[in-house]
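Structure file upload.csv with CSV, C-alpha atoms:
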chain,number,residue,atom,x,y,z
A,70,MET,CA,204.7,119.1,188.7
A,71,ALA,CA,208.0,119.8,187.2
A,72,ILE,CA,207.6,121.3,183.8
A,73,GLY,CA,211.1,120.9,182.4
A,74,LEU,CA,211.9,123.9,180.3
A,75,ALA,CA,215.2,122.6,179.1
A,76,ILE,CA,214.7,124.1,175.7
A,77,ALA,CA,217.6,124.6,173.4
A,78,GLY,CA,215.8,126.5,170.7
A,79,GLY,CA,213.2,125.0,168.4
A,80,PRO,CA,209.5,125.2,168.3
A,81,PRO,CA,208.3,126.1,171.8
A,82,GLY,CA,204.8,125.0,171.1
A,83,LEU,CA,205.7,121.4,170.5
A,84,ILE,CA,208.0,121.4,173.5
A,85,LEU,CA,205.2,122.8,175.7
A,86,VAL,CA,202.8,120.1,174.4
A,87,LEU,CA,205.4,117.4,175.1
A,88,ASN,CA,206.1,118.7,178.5
A,89,ILE,CA,202.4,118.9,179.4
A,90,LEU,CA,201.9,115.3,178.1
A,91,GLY,CA,204.4,114.1,180.7
A,92,PHE,CA,207.7,114.1,178.8
A,93,PRO,CA,209.7,116.8,180.7
A,94,GLY,CA,212.9,118.0,179.2
A,95,VAL,CA,212.4,116.7,175.7
A,96,ARG,CA,214.5,118.4,173.2
A,97,TRP,CA,213.0,119.2,169.8
A,98,ASP,CA,215.9,117.7,167.9
A,99,ASP,CA,215.6,114.4,169.7
A,100,VAL,CA,212.0,114.3,168.6
A,101,ALA,CA,212.9,115.2,165.0
A,102,PHE,CA,215.7,112.6,165.0
A,103,VAL,CA,213.5,109.8,166.2
A,104,LEU,CA,210.7,110.7,163.9
A,105,PHE,CA,212.9,110.9,160.8
A,106,ALA,CA,214.8,107.7,161.8
A,107,GLU,CA,211.6,105.7,162.1
A,108,ILE,CA,210.2,107.0,158.8
A,109,MET,CA,213.5,106.2,157.1
A,110,LEU,CA,213.9,102.7,158.4
A,111,VAL,CA,210.2,101.8,157.8
A,112,SER,CA,210.2,103.1,154.3
A,113,GLY,CA,213.6,101.4,153.6
A,114,LEU,CA,212.1,98.1,154.7
A,115,LEU,CA,209.1,98.8,152.4
A,116,VAL,CA,211.5,99.4,149.5
A,117,VAL,CA,213.1,96.0,149.8
A,118,THR,CA,209.9,94.0,150.7
A,119,MET,CA,207.0,95.3,148.7
A,120,ARG,CA,205.8,93.4,145.7
A,121,ASP,CA,204.7,96.3,143.5
A,122,ILE,CA,207.9,97.9,142.2
A,123,ILE,CA,206.3,101.3,141.5
A,124,ARG,CA,205.4,101.5,145.2
A,125,CYS,CA,209.0,100.5,146.0
A,126,GLY,CA,210.2,103.5,144.1
A,127,LEU,CA,207.7,105.8,145.9
A,128,ALA,CA,208.8,104.4,149.3
A,129,MET,CA,212.4,105.1,148.2
A,130,ILE,CA,211.5,108.8,147.7
A,131,VAL,CA,210.1,108.9,151.3
A,132,CYS,CA,213.2,107.2,152.6
A,133,PHE,CA,215.5,109.8,150.9
A,134,GLY,CA,213.3,112.7,152.2
A,135,ALA,CA,213.6,111.4,155.8
A,136,LEU,CA,217.3,111.1,155.3
A,137,ALA,CA,217.4,114.8,154.2
A,138,GLY,CA,215.7,115.6,157.5
A,139,ILE,CA,218.3,113.7,159.4
A,140,TYR,CA,221.0,115.7,157.6
A,141,VAL,CA,219.3,118.8,158.8
A,142,VAL,CA,219.2,117.5,162.4
A,143,VAL,CA,222.9,116.5,162.3
A,144,GLY,CA,223.9,119.9,161.1
A,145,ALA,CA,224.7,119.7,157.4
A,146,PRO,CA,222.1,121.8,155.7
A,147,LEU,CA,224.0,121.9,152.4
A,148,VAL,CA,224.1,118.1,152.2
A,149,ALA,CA,220.4,118.1,152.9
A,150,GLY,CA,219.7,120.4,150.0
A,151,ALA,CA,221.9,118.4,147.7
A,152,GLN,CA,220.1,115.2,148.9
A,153,VAL,CA,216.7,116.7,148.0
A,154,LEU,CA,218.0,118.0,144.6
A,155,VAL,CA,220.0,114.9,143.5
A,156,TYR,CA,218.1,112.0,145.0
A,157,ILE,CA,214.5,113.1,145.3
A,158,GLY,CA,214.7,115.3,142.2
A,159,ALA,CA,216.9,113.4,139.8
A,160,ILE,CA,217.7,109.8,140.7
A,161,SER,CA,214.2,108.9,141.9
A,162,VAL,CA,212.7,110.2,138.7
A,163,LEU,CA,215.2,108.3,136.7
A,164,ILE,CA,214.4,105.1,138.5
A,165,LEU,CA,210.7,105.6,138.1
A,166,PHE,CA,211.2,106.1,134.4
A,167,ALA,CA,213.3,103.0,134.2
A,168,ILE,CA,210.6,101.0,136.1
A,169,MET,CA,207.9,102.2,133.7
A,170,LEU,CA,210.1,101.3,130.7
A,171,THR,CA,210.8,97.8,131.9
A,172,GLN,CA,207.6,96.8,133.7
A,173,ASP,CA,206.0,93.7,132.1
A,174,LYS,CA,202.4,93.1,132.7
A,175,ALA,CA,202.6,89.5,131.3
A,176,ALA,CA,205.4,88.4,133.5
A,177,PRO,CA,204.5,86.6,136.7
A,178,ALA,CA,204.8,89.2,139.5
A,179,ARG,CA,204.4,86.6,142.2
A,180,LEU,CA,208.0,85.9,142.9
A,181,VAL,CA,209.8,89.1,143.9
A,182,PHE,CA,212.5,87.3,145.9
A,183,GLN,CA,215.2,85.0,144.9
A,184,THR,CA,215.3,81.5,146.4
A,185,GLN,CA,218.2,82.8,148.5
A,186,ALA,CA,216.0,85.3,150.3
A,187,VAL,CA,216.0,83.6,153.7
A,188,PRO,CA,219.8,83.3,153.9
A,189,ALA,CA,220.1,86.9,152.7
A,190,ALA,CA,217.8,88.0,155.5
A,191,ILE,CA,219.9,86.1,158.0
A,192,ALA,CA,223.1,87.6,156.6
A,193,ALA,CA,221.6,91.1,156.7
A,194,ILE,CA,220.5,90.7,160.3
A,195,VAL,CA,223.9,89.4,161.3
A,196,LEU,CA,225.5,92.4,159.4
A,197,ALA,CA,223.3,94.9,161.3
A,198,PHE,CA,224.1,93.2,164.6
A,199,VAL,CA,227.9,93.2,163.9
A,200,ILE,CA,227.8,96.9,162.8
A,201,THR,CA,225.8,97.9,165.9
A,202,LEU,CA,228.2,96.0,168.2
A,203,THR,CA,231.2,97.5,166.5
A,204,VAL,CA,229.9,101.0,166.6
A,205,THR,CA,228.9,100.9,170.3
A,206,ALA,CA,232.1,99.2,171.4
A,207,THR,CA,234.5,101.5,169.6
A,208,ASP,CA,236.0,104.5,171.2
A,209,TRP,CA,235.9,107.2,168.5
A,210,GLY,CA,238.4,109.4,170.2
A,211,ALA,CA,237.9,113.1,170.2
A,212,VAL,CA,234.2,113.2,169.6
A,213,GLY,CA,232.9,116.7,170.4
A,214,THR,CA,229.4,117.9,170.5
A,215,ARG,CA,227.4,118.4,167.4
A,216,ILE,CA,228.6,121.3,165.3
A,217,ARG,CA,226.8,123.0,162.4
A,218,ASN,CA,228.6,123.0,159.1
A,219,ALA,CA,228.5,126.5,157.7
A,220,THR,CA,227.9,126.5,154.0
A,221,ASP,CA,230.7,128.9,153.2
A,222,ASP,CA,233.2,126.7,154.9
A,223,VAL,CA,232.1,123.8,152.7
A,224,ALA,CA,232.3,126.0,149.6
A,225,ARG,CA,235.8,127.1,150.5
A,226,ALA,CA,236.9,123.5,151.1
A,227,LEU,CA,235.3,122.4,147.8
A,228,PHE,CA,237.0,125.0,145.7
A,229,SER,CA,240.4,125.0,147.3
A,230,THR,CA,241.4,121.7,148.8
A,231,TYR,CA,239.1,119.5,146.8
A,232,VAL,CA,239.2,121.3,143.4
A,233,LEU,CA,240.8,118.4,141.6
A,234,PRO,CA,238.2,115.8,142.7
A,235,PHE,CA,235.5,118.4,141.8
A,236,GLU,CA,236.8,118.6,138.3
A,237,VAL,CA,237.3,114.9,138.0
A,238,VAL,CA,233.6,114.4,139.1
A,239,GLY,CA,232.6,116.8,136.4
A,240,VAL,CA,234.4,114.8,133.8
A,241,LEU,CA,232.9,111.6,135.3
A,242,LEU,CA,229.4,112.9,135.0
A,243,LEU,CA,230.0,113.9,131.4
A,244,ALA,CA,231.3,110.4,130.6
A,245,ALA,CA,228.3,108.8,132.5
A,246,VAL,CA,225.8,110.9,130.4
A,247,ILE,CA,227.5,110.0,127.1
A,248,GLY,CA,227.7,106.3,128.2
A,249,GLY,CA,224.1,106.2,129.3
A,250,VAL,CA,222.8,107.7,126.0
A,251,PHE,CA,225.0,105.3,124.1
A,252,LEU,CA,223.9,102.2,126.0
A,253,ALA,CA,220.2,103.0,126.0
A,254,ARG,CA,220.0,104.1,122.4
A,255,HIS,CA,217.8,102.1,120.1
A,256,ASP,CA,219.9,100.3,117.5
A,257,GLU,CA,218.7,100.5,113.9
A,258,GLY,CA,218.8,97.2,112.1
A,259,GLY,CA,219.7,95.2,115.1
A,260,PRO,CA,217.4,92.7,116.9
A,261,PRO,CA,214.2,94.5,118.0
B,158,MET,CA,219.9,110.9,171.6
B,159,SER,CA,220.4,113.2,168.6
B,160,ASN,CA,223.6,114.5,170.2
B,161,SER,CA,225.6,111.3,170.2
B,162,LEU,CA,227.6,110.0,167.3
B,163,ASP,CA,226.7,106.4,168.0
B,164,SER,CA,223.0,106.8,167.2
B,165,TYR,CA,223.7,108.1,163.8
B,166,LEU,CA,226.2,105.4,163.1
B,167,VAL,CA,223.8,102.7,164.2
B,168,LEU,CA,221.1,104.2,162.0
B,169,SER,CA,223.5,104.2,159.1
B,170,GLY,CA,224.4,100.5,159.8
B,171,LEU,CA,220.7,99.5,159.9
B,172,LEU,CA,220.0,101.2,156.6
B,173,PHE,CA,223.1,99.6,155.1
B,174,ALA,CA,221.9,96.1,156.2
B,175,ILE,CA,218.4,96.8,154.7
B,176,GLY,CA,220.1,97.7,151.4
B,177,SER,CA,222.3,94.6,151.4
B,178,PHE,CA,219.3,92.4,152.1
B,179,GLY,CA,217.5,94.0,149.1
B,180,PHE,CA,220.5,93.6,146.9
B,181,LEU,CA,220.8,89.9,147.7
B,182,ALA,CA,217.2,88.9,147.8
B,183,ARG,CA,215.3,90.8,145.1
B,184,ARG,CA,214.9,89.3,141.6
B,185,ASN,CA,214.3,92.6,139.7
B,186,ALA,CA,217.4,94.4,138.4
B,187,ILE,CA,215.9,97.8,139.2
B,188,SER,CA,215.1,96.7,142.7
B,189,MET,CA,218.7,95.7,143.1
B,190,LEU,CA,219.8,99.2,141.9
B,191,MET,CA,217.4,100.8,144.4
B,192,SER,CA,219.0,98.7,147.1
B,193,ILE,CA,222.5,100.0,146.0
B,194,GLU,CA,221.2,103.5,146.3
B,195,LEU,CA,220.0,102.8,149.9
B,196,MET,CA,223.5,101.5,150.8
B,197,LEU,CA,225.2,104.5,149.3
B,198,ASN,CA,222.9,106.7,151.3
B,199,ALA,CA,223.8,104.8,154.5
B,200,VAL,CA,227.5,105.4,153.9
B,201,ASN,CA,226.8,109.1,153.2
B,202,LEU,CA,225.0,109.4,156.5
B,203,ALA,CA,228.0,107.9,158.3
B,204,ILE,CA,230.4,110.3,156.6
B,205,VAL,CA,228.2,113.3,157.4
B,206,ALA,CA,227.8,112.2,161.0
B,207,PHE,CA,231.5,111.9,161.5
B,208,GLY,CA,232.1,115.3,160.0
B,209,SER,CA,229.5,116.8,162.3
B,210,PHE,CA,230.9,115.4,165.5
B,211,ILE,CA,234.7,115.5,164.9
B,212,GLU,CA,236.0,119.0,164.6
B,213,PRO,CA,238.9,118.5,162.1
B,214,LEU,CA,236.6,116.8,159.6
B,215,LYS,CA,234.0,119.5,159.7
B,216,ALA,CA,233.9,120.9,156.1
B,217,ASN,CA,235.7,117.9,154.5
B,218,ALA,CA,232.8,115.5,155.3
B,219,SER,CA,230.2,117.6,153.5
B,220,VAL,CA,232.4,117.9,150.4
B,221,ILE,CA,233.0,114.1,150.4
B,222,ALA,CA,229.3,113.5,150.8
B,223,ILE,CA,228.4,115.7,147.9
B,224,ILE,CA,231.1,114.1,145.7
B,225,VAL,CA,229.7,110.6,146.6
B,226,MET,CA,226.2,111.9,145.6
B,227,ALA,CA,227.5,113.0,142.2
B,228,VAL,CA,229.2,109.6,141.6
B,229,ALA,CA,226.0,107.8,142.7
B,230,ALA,CA,224.1,109.8,140.1
B,231,GLY,CA,226.5,108.7,137.4
B,232,GLU,CA,226.3,105.1,138.7
B,233,ALA,CA,222.5,105.2,138.5
B,234,THR,CA,222.6,106.6,135.0
B,235,VAL,CA,224.8,104.0,133.6
B,236,GLY,CA,223.2,101.1,135.6
B,237,LEU,CA,219.7,102.0,134.5
B,238,ALA,CA,220.9,102.4,130.9
B,239,ILE,CA,222.4,98.9,131.1
B,240,VAL,CA,219.2,97.5,132.5
B,241,ILE,CA,217.1,99.0,129.8
B,242,ALA,CA,219.6,97.8,127.1
B,243,ILE,CA,219.4,94.2,128.5
B,244,TYR,CA,215.6,94.5,128.8
B,245,ARG,CA,215.4,95.4,125.1
B,246,ASN,CA,217.2,92.2,124.2
B,247,ARG,CA,215.9,89.7,126.7
B,248,ARG,CA,212.4,91.1,127.4
B,249,THR,CA,212.6,90.5,131.2
B,250,PRO,CA,213.9,92.6,134.1
B,251,LEU,CA,214.5,89.6,136.3
B,252,VAL,CA,218.2,88.9,136.9
B,253,ASP,CA,217.9,85.1,137.4
B,254,GLU,CA,216.8,84.8,133.8
B,255,TYR,CA,219.9,86.5,132.4
B,256,ASN,CA,221.7,83.2,131.8
B,257,ALA,CA,223.1,83.7,128.3
B,258,MET,CA,226.6,83.3,129.5
B,259,ARG,CA,225.8,79.9,131.1
B,260,GLN,CA,224.2,78.2,128.1
Would you write the structure of this file as structure tokens?
Amino acid sequence: MAIGLAIAGGPPGLILVLNILGFPGVRWDDVAFVLFAEIMLVSGLLVVTMRDIIRCGLAMIVCFGALAGIYVVVGAPLVAGAQVLVYIGAISVLILFAIMLTQDKAAPARLVFQTQAVPAAIAAIVLAFVITLTVTATDWGAVGTRIRNATDDVARALFSTYVLPFEVVGVLLLAAVIGGVFLARHDEGGPP
Amino acid sequence: MSNSLDSYLVLSGLLFAIGSFGFLARRNAISMLMSIELMLNAVNLAIVAFGSFIEPLKANASVIAIIVMAVAAGEATVGLAIVIAIYRNRRTPLVDEYNAMRQ
């Protein structure tokens, strides 16, 4: 019985269990990738198909968390941290607040889809098929093996090459905050 | 599997297709905004995957992904504020009942 010990780092206990179960030579990052990808796709489908919109928001948090795990597997830990902070921490909470502000108990919650849902589903399936075909048929040129993005390289690029976009994004966020407060402000004397 | 660029790009394409379906098919405006967030995340995954597999793009891809996240945060802020402002006037979050311009 060939117990494949082709381990490239990672938790050796899990690898040993997988090898004993009959999957010799399984790498831990393959396992993590498949796990996170399945969680992400299933929770993404739940986001667009569930009836209760609060549950859609919670499934979206799960989807973003699995995507952060995929960022770790692909070798961009800083992006994974930013994903957790920005999406799970900020945008999801914002969306949940907006759901709770606009949820209407009296409205009929039966129809969550437009009448164009079936053509939309067909279009989405065709889109996924075309993207998959294009990606697998294209030669991407000088594709190396996976490399890990060191955080100090990212920081050096952010504050030297990309310092103008960085400042512009700061101004954009300020404008978005002011615009959001202005739009969502309750008008005195206007229609209720 | 986790060491080939194609698997990440296919995953990103599937997530983008899911988001586009949600944007086209849902009636609730906030569901449509959530679908837009899914699509932005799919594009971000493609950018990060390219940066992680192609040597000259190494640090640039992470920077671009972080800038996209910041812009997405601003988009979510303004979009949700617009939805709340419309809800305050029309008393419904369903986009097919926003027909004031048609009447």
Selection near Val220 in chain B, 7 Å with all atoms listed in the file, sequence-local residues under 4 positions removed, as a PDB file with C-alpha atoms, in the coordinates of the input:
ATOM      1  CA  VAL A 223     232.100 123.800 152.700  1.00  0.00           C
ATOM      2  CA  LEU A 227     235.300 122.400 147.800  1.00  0.00           C
TER       3      LEU A 227
ATOM      4  CA  ALA B 216     233.900 120.900 156.100  1.00  0.00           C
ATOM      5  CA  ILE B 224     231.100 114.100 145.700  1.00  0.00           C
TER       6      ILE B 224
END
Quiz item: Which residues, written as a list in words, have at least one atom at most 7 Å from range 168-182 of chain B, with all atoms listed in the file counted and residues fewer than 3 positions away on the same chain left out?
Solution: Leu110, Gly113, Leu114, Val117, Phe182, Gln183, Gln185, Ala186, Ala189, Ala190, Ala193, Ile194, Leu196, Ala197, Ile200 and Thr201 of chain A; Ser164, Tyr165, Met189, Ser192, Ile193, Leu195, Met196, Ala199, Val200, Leu202 and Ala203 of chain B
Self-check item: Residues within 8 Å of Val155 in chain A, only C-alpha atoms, excluding chain neighbours under 3 positions, as a PyMOL selection string
Solution: (chain A and resi 151-152+158-160) or (chain B and resi 226-227+230)
Would you write out, as CSV, a table of all residues in range 179-253 of chain B that have an atom no more than 12 Å from an atom of range 239-250 of chain A, listing for each the closest atom pair and the distance in Å to one decimal, considering all atoms listed in the file and ordering rows by chain and rising residue number?
residue,atom,partner,partner_atom,distance
B:Ile224,CA,A:Gly239,CA,9.8
B:Val225,CA,A:Leu241,CA,11.8
B:Met226,CA,A:Leu242,CA,11.1
B:Ala227,CA,A:Leu242,CA,7.4
B:Val228,CA,A:Leu242,CA,7.4
B:Ala229,CA,A:Leu242,CA,9.8
B:Ala230,CA,A:Leu242,CA,8.0
B:Gly231,CA,A:Ala245,CA,5.2
B:Glu232,CA,A:Ala245,CA,7.5
B:Ala233,CA,A:Ala245,CA,9.1
B:Thr234,CA,A:Gly249,CA,5.9
B:Val235,CA,A:Gly249,CA,4.9
B:Gly236,CA,A:Gly249,CA,8.2
B:Leu237,CA,A:Gly249,CA,8.0
B:Ala238,CA,A:Gly249,CA,5.2
B:Ile239,CA,A:Gly249,CA,7.7
B:Val240,CA,A:Gly249,CA,10.5
B:Ile241,CA,A:Gly249,CA,10.1
B:Ala242,CA,A:Gly249,CA,9.8
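You will find CA of Ile123 in chain A at 16.8 Å from CA of Val111 in chain A.
Here CA of Pro146 in chain A is placed at a distance of 14.4 Å from CA of Ile221 in chain B.
Our summary of the geometry notes that CA of Leu154 in chain A is positioned 10.4 Å from CA of Gly134 in chain A.
With distances restricted to all atoms listed in the file, A:Val153 is the closest residue to Val141 in chain A from A:Val153, A:Ala211, A:Met129, A:Leu180.
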Quiz item: Counting all atoms listed in the file, what is within 6 Å of range 212-220 of chain A, bar same-chain residues fewer than 3 positions away, as a list in words?
Solution: Gly144, Ala145 and Val223 of chain A; Ser209, Phe210 and Ile211 of chain B
Self-check item: A:Met169, A:Val162, A:Val143, A:Leu233 ranked by distance to chain B, top pick (using all atoms listed in the file)
Solution: A:Val143
Exercise. Considering all atoms listed in the file, state which residue in the set A:Ile157, A:Ala128, A:Val95, A:Val148 is at the smallest distance from chain B.
Key: A:Val148
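Distances from A:Cys125, A:Ala106, A:Ala135, A:Val100 to Val181 in chain A were compared using only C-alpha atoms, and the smallest one belongs to A:Cys125.
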Axis-aligned box for range 174-186 of chain B, 8 Å per side, centre and edges in Å as JSON:
{"center_x": 218.3, "center_y": 93.3, "center_z": 147.3, "size_x": 24.0, "size_y": 24.8, "size_z": 33.8}
Quiz item: For Asn246 in chain B, which residue among A:Met109, A:Ile139, A:Ala253, A:Ala206 is the nearest when counting all atoms listed in the file?
Solution: A:Ala253
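Comparing the minimum interatomic distances between Met191 in chain B and each of A:Leu170, A:Ile164, A:Leu147, A:Ala192, counting only C-alpha atoms, we find that A:Ile164 sits nearest.
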